[in-house]
2 protein chains.
Amino acid sequence: MPQKNSQKPAVSRRGHSLQLTALRGLPGIRRGGNLARLIVAAARGERVAFEDGDVLVVAQKIVSKAEGRVARLSRIRPSAEARGLSTELHQDARFLEAVLRETRRIVRKGPQALIVETHHGFVCANAGVDRSNVPGKGGVTLLPRKPDESARRLAAGLRSRTGKRIAVIISDTFGRAWRLGQVNVAIGAAGLPVLVDLRGSCDLFGKRLHATILALADELAAAAGLLMGKADGLPVVVIRGLRYRAPNKSKAADIIRPASEDLFR
Amino acid sequence: MPQKNSQKPAVSRRGHSLQLTALRGLPGIRRGGNLARLIVAAARGERVAFEDGDVLVVAQKIVSKAEGRVARLSRIRPSAEARGLSTELHQDARFLEAVLRETRRIVRKGPQALIVETHHGFVCANAGVDRSNVPGKGGVTLLPRKPDESARRLAAGLRSRTGKRIAVIISDTFGRAWRLGQVNVAIGAAGLPVLVDLRGSCDLFGKRLHATILALADELAAAAGLLMGKADGLPVVVIRGLRYRAPNKSKAADIIRPASEDLFR
């Protein structure tokens, strides 16, 4: 994908190598910003010519900003529940109110964050409400309301501008139950299978594989996270070389473990 | 890293792009196999010349095979506990016995797998005991006994053969609490920081970031997982272009969430 010398990448056979490129030169994103247009322009600056099958991973933050999913704490009036939690957890009641508004169910009250189930069904810290990388004082971003639709819209916008079928993943950094640190996961997806069922396939020795379903969209988000950083402001990564079949339908919501299979309720 | 035409990769500036290459041509690994030697030979076949800072992600399976961590179910005599579980879960008592031997604590009994804490402290299905990709009937692989040491040994072996500082991650596919599908995570690591603490850094707008610790080794494992597949037999992936500082000490065991911070006990 990087074609600085208009040379083909040394290895291009799909399935055997991958290239990841973070797009620099993306401007600060404001409400109403046309992400497809800005990303295509940034890619041009990077001399990245999109190809069919490329996967674009986009950090939630810029999608939220473009969609106006930003709140000012100064304009939030905390509810009684938020005030109670504020006393209990020693956190800003207005911030907690912003979290509660995005919350379907509190899973655990951690020492540094509320672990909640969002209205989408994602289990994450603070419902994805985030203070970082928002200009001005007391600004927070909220997760996109319908991240799968955001991804579909962006994929359609890229298709109409480039003529290429580009899969889109919207990523955010989530913590995990038993492992420290955060990893980037997919909260929205379009144009690629989010889960790849390997159960029908055979292993090297001809045995049927069971119970192997790869969370493809999450692995793509994690890979992109290696280049995004948090402070660097590189919220868009192009992944080239992935072998996949475009699905009829596939959305990140499918990754959510159904309540009936949740071992921790 | 792929240098088929002895051309430099089009983009090589660290921190902005990554290249992942799966090594083909690795032979089946047997007990006592010298992984460093076999990997260097496979890399040569692929015309990959290792560079300082490359990260090698190696699937647990071949490490276990090289270390003789393979069991034959026919030689396992199930304990009373395994026989009880076998009745309850409708699974092979000998397989369950193999799992129990690797287990410190049963976390949950799922419909398709036991979720356990291994002696290492990892929480995963069936203690990582795996039937796939083992030649012959009734063979299973067990996780390496000390995967961080396995990683260190392999890194040292690669260093002595190539003269390059190559970080090593040993990966396995784990399920997650609230998300479907499996992702590759690091169970062993050497030569790179497994967790990167971004809390001291500032975001784009100069605000201090809090509570952002990136699970770098897990994101690297997940990225490599995109090329490994399960049935394809591509257990070694070279990642080039990552910007990181080699730590004095760092091991995948550091990723395990301490019991005191486990919200689900």
# chains A, B, ... in the order shown; residues from 1 in each chain; ligands from 1
call {"tool": "select_by_dssp", "arguments": {"residues": "region 86-198 of chain A", "states": "alpha helix (DSSP H)", "output": "list in words"}}
result
Ser86, Thr87, Glu88, Leu89, Ala93, Arg94, Phe95, Leu96, Glu97, Ala98, Val99, Leu100, Arg101, Pro147, Asp148, Glu149, Ser150, Ala151, Arg152, Arg153, Leu154, Ala155, Ala156, Gly157, Leu158, Arg159, Ser160, Arg161 and Thr162 of chain A
call {"tool": "write_last_selection", "arguments": {"atoms": "N, CA, C and O atoms", "output": "short mmCIF file (atom, residue, chain, number, x, y, z; two decimals), in the first residue's frame"}}
result
data_model
loop_
_atom_site.label_atom_id
_atom_site.label_comp_id
_atom_site.auth_asym_id
_atom_site.auth_seq_id
_atom_site.Cartn_x
_atom_site.Cartn_y
_atom_site.Cartn_z
N SER A 86 -20.71 9.10 43.31
CA SER A 86 -19.61 10.06 43.46
C SER A 86 -19.04 10.01 44.88
O SER A 86 -17.83 9.99 45.08
N THR A 87 -19.94 9.95 45.85
CA THR A 87 -19.51 9.84 47.25
C THR A 87 -18.77 8.52 47.48
O THR A 87 -17.73 8.47 48.13
N GLU A 88 -19.33 7.47 46.89
CA GLU A 88 -18.77 6.13 47.11
C GLU A 88 -17.41 5.96 46.44
O GLU A 88 -16.49 5.36 46.99
N LEU A 89 -17.27 6.50 45.23
CA LEU A 89 -16.08 6.21 44.42
C LEU A 89 -15.10 7.38 44.33
O LEU A 89 -14.05 7.27 43.69
N ALA A 93 -19.15 13.66 39.98
CA ALA A 93 -20.54 13.22 39.82
C ALA A 93 -21.05 13.47 38.40
O ALA A 93 -21.85 12.69 37.87
N ARG A 94 -20.57 14.53 37.77
CA ARG A 94 -21.04 14.82 36.40
C ARG A 94 -20.48 13.80 35.42
O ARG A 94 -21.18 13.36 34.50
N PHE A 95 -19.23 13.41 35.64
CA PHE A 95 -18.65 12.36 34.80
C PHE A 95 -19.42 11.05 34.98
O PHE A 95 -19.77 10.37 34.02
N LEU A 96 -19.72 10.72 36.25
CA LEU A 96 -20.46 9.48 36.51
C LEU A 96 -21.86 9.55 35.89
O LEU A 96 -22.37 8.54 35.38
N GLU A 97 -22.46 10.72 35.90
CA GLU A 97 -23.78 10.87 35.27
C GLU A 97 -23.67 10.61 33.76
O GLU A 97 -24.51 9.91 33.17
N ALA A 98 -22.61 11.14 33.14
CA ALA A 98 -22.39 10.87 31.71
C ALA A 98 -22.26 9.37 31.47
O ALA A 98 -22.80 8.83 30.50
N VAL A 99 -21.56 8.69 32.37
CA VAL A 99 -21.39 7.24 32.24
C VAL A 99 -22.74 6.53 32.40
O VAL A 99 -23.11 5.67 31.59
N LEU A 100 -23.49 6.92 33.42
CA LEU A 100 -24.77 6.24 33.69
C LEU A 100 -25.74 6.38 32.52
O LEU A 100 -26.52 5.47 32.22
N ARG A 101 -25.70 7.53 31.86
CA ARG A 101 -26.61 7.73 30.72
C ARG A 101 -26.31 6.78 29.56
O ARG A 101 -27.16 6.52 28.72
N PRO A 147 -22.45 2.10 16.28
CA PRO A 147 -21.14 2.03 15.63
C PRO A 147 -21.12 1.16 14.37
O PRO A 147 -20.34 1.44 13.45
N ASP A 148 -21.96 0.12 14.30
CA ASP A 148 -22.00 -0.67 13.07
C ASP A 148 -22.52 0.17 11.90
O ASP A 148 -22.02 0.07 10.79
N GLU A 149 -23.52 1.01 12.20
CA GLU A 149 -24.03 1.90 11.15
C GLU A 149 -22.99 2.94 10.77
O GLU A 149 -22.83 3.29 9.59
N SER A 150 -22.25 3.43 11.77
CA SER A 150 -21.18 4.40 11.47
C SER A 150 -20.16 3.76 10.52
O SER A 150 -19.68 4.40 9.59
N ALA A 151 -19.83 2.50 10.80
CA ALA A 151 -18.84 1.80 9.95
C ALA A 151 -19.39 1.61 8.54
O ALA A 151 -18.68 1.81 7.56
N ARG A 152 -20.67 1.23 8.45
CA ARG A 152 -21.27 1.04 7.12
C ARG A 152 -21.29 2.33 6.33
O ARG A 152 -20.98 2.35 5.14
N ARG A 153 -21.64 3.42 7.02
CA ARG A 153 -21.67 4.72 6.34
C ARG A 153 -20.29 5.09 5.83
O ARG A 153 -20.13 5.55 4.70
N LEU A 154 -19.28 4.88 6.66
CA LEU A 154 -17.92 5.24 6.25
C LEU A 154 -17.46 4.36 5.09
O LEU A 154 -16.84 4.85 4.13
N ALA A 155 -17.77 3.07 5.15
CA ALA A 155 -17.39 2.17 4.06
C ALA A 155 -18.06 2.61 2.75
O ALA A 155 -17.43 2.61 1.67
N ALA A 156 -19.33 3.02 2.85
CA ALA A 156 -20.04 3.47 1.65
C ALA A 156 -19.42 4.76 1.12
O ALA A 156 -19.25 4.93 -0.09
N GLY A 157 -19.06 5.65 2.03
CA GLY A 157 -18.44 6.91 1.62
C GLY A 157 -17.10 6.68 0.94
O GLY A 157 -16.77 7.31 -0.07
N LEU A 158 -16.34 5.73 1.47
CA LEU A 158 -15.03 5.42 0.86
C LEU A 158 -15.23 4.76 -0.50
O LEU A 158 -14.51 5.05 -1.46
N ARG A 159 -16.25 3.91 -0.58
CA ARG A 159 -16.54 3.24 -1.86
C ARG A 159 -16.88 4.27 -2.93
O ARG A 159 -16.39 4.19 -4.06
N SER A 160 -17.69 5.25 -2.57
CA SER A 160 -18.12 6.20 -3.59
C SER A 160 -16.98 7.14 -3.99
O SER A 160 -16.94 7.64 -5.11
N ARG A 161 -16.04 7.37 -3.10
CA ARG A 161 -14.92 8.26 -3.43
C ARG A 161 -13.77 7.56 -4.11
O ARG A 161 -12.98 8.19 -4.83
N THR A 162 -13.61 6.26 -3.84
CA THR A 162 -12.43 5.56 -4.37
C THR A 162 -12.79 4.47 -5.37
O THR A 162 -11.91 3.98 -6.08
#
call {"tool": "select_by_dssp", "arguments": {"residues": "region 17-265 of chain A", "states": "strand (DSSP E)", "output": "PyMOL selection string"}}
result
chain A and resi 17-22+55-59+70-72+103-109+114-118+123-125+139-141+167-174+183-190+196-197+213-214+236-240
call {"tool": "atom_distance", "arguments": {"atom1": "CA of Ala189 (chain B)", "atom2": "CA of His119 (chain B)"}}
result
17.2 Å
call {"tool": "closest_residue", "arguments": {"among": "A:Tyr244, A:Gly163, A:Asn133, A:Glu46", "to": "Asp197 (chain A)", "atoms": "only C-alpha atoms"}}
result
A:Tyr244
call {"tool": "closest_residue", "arguments": {"among": "B:Ala22, B:Ala71, B:Ala43, B:Ala259", "to": "chain A", "atoms": "only C-alpha atoms"}}
result
B:Ala22
call {"tool": "residues_around", "arguments": {"residues": "Ala167 (chain A)", "least_positions_apart": "5", "cutoff": "7 Å", "atoms": "only C-alpha atoms", "output": "VMD selection string"}}
result
chain A and resid 53 to 56 155 190 to 192
call {"tool": "closest_residue", "arguments": {"among": "B:Val238, B:Leu142, B:Ala49, B:Val58", "to": "chain A", "atoms": "only C-alpha atoms"}}
result
B:Val238
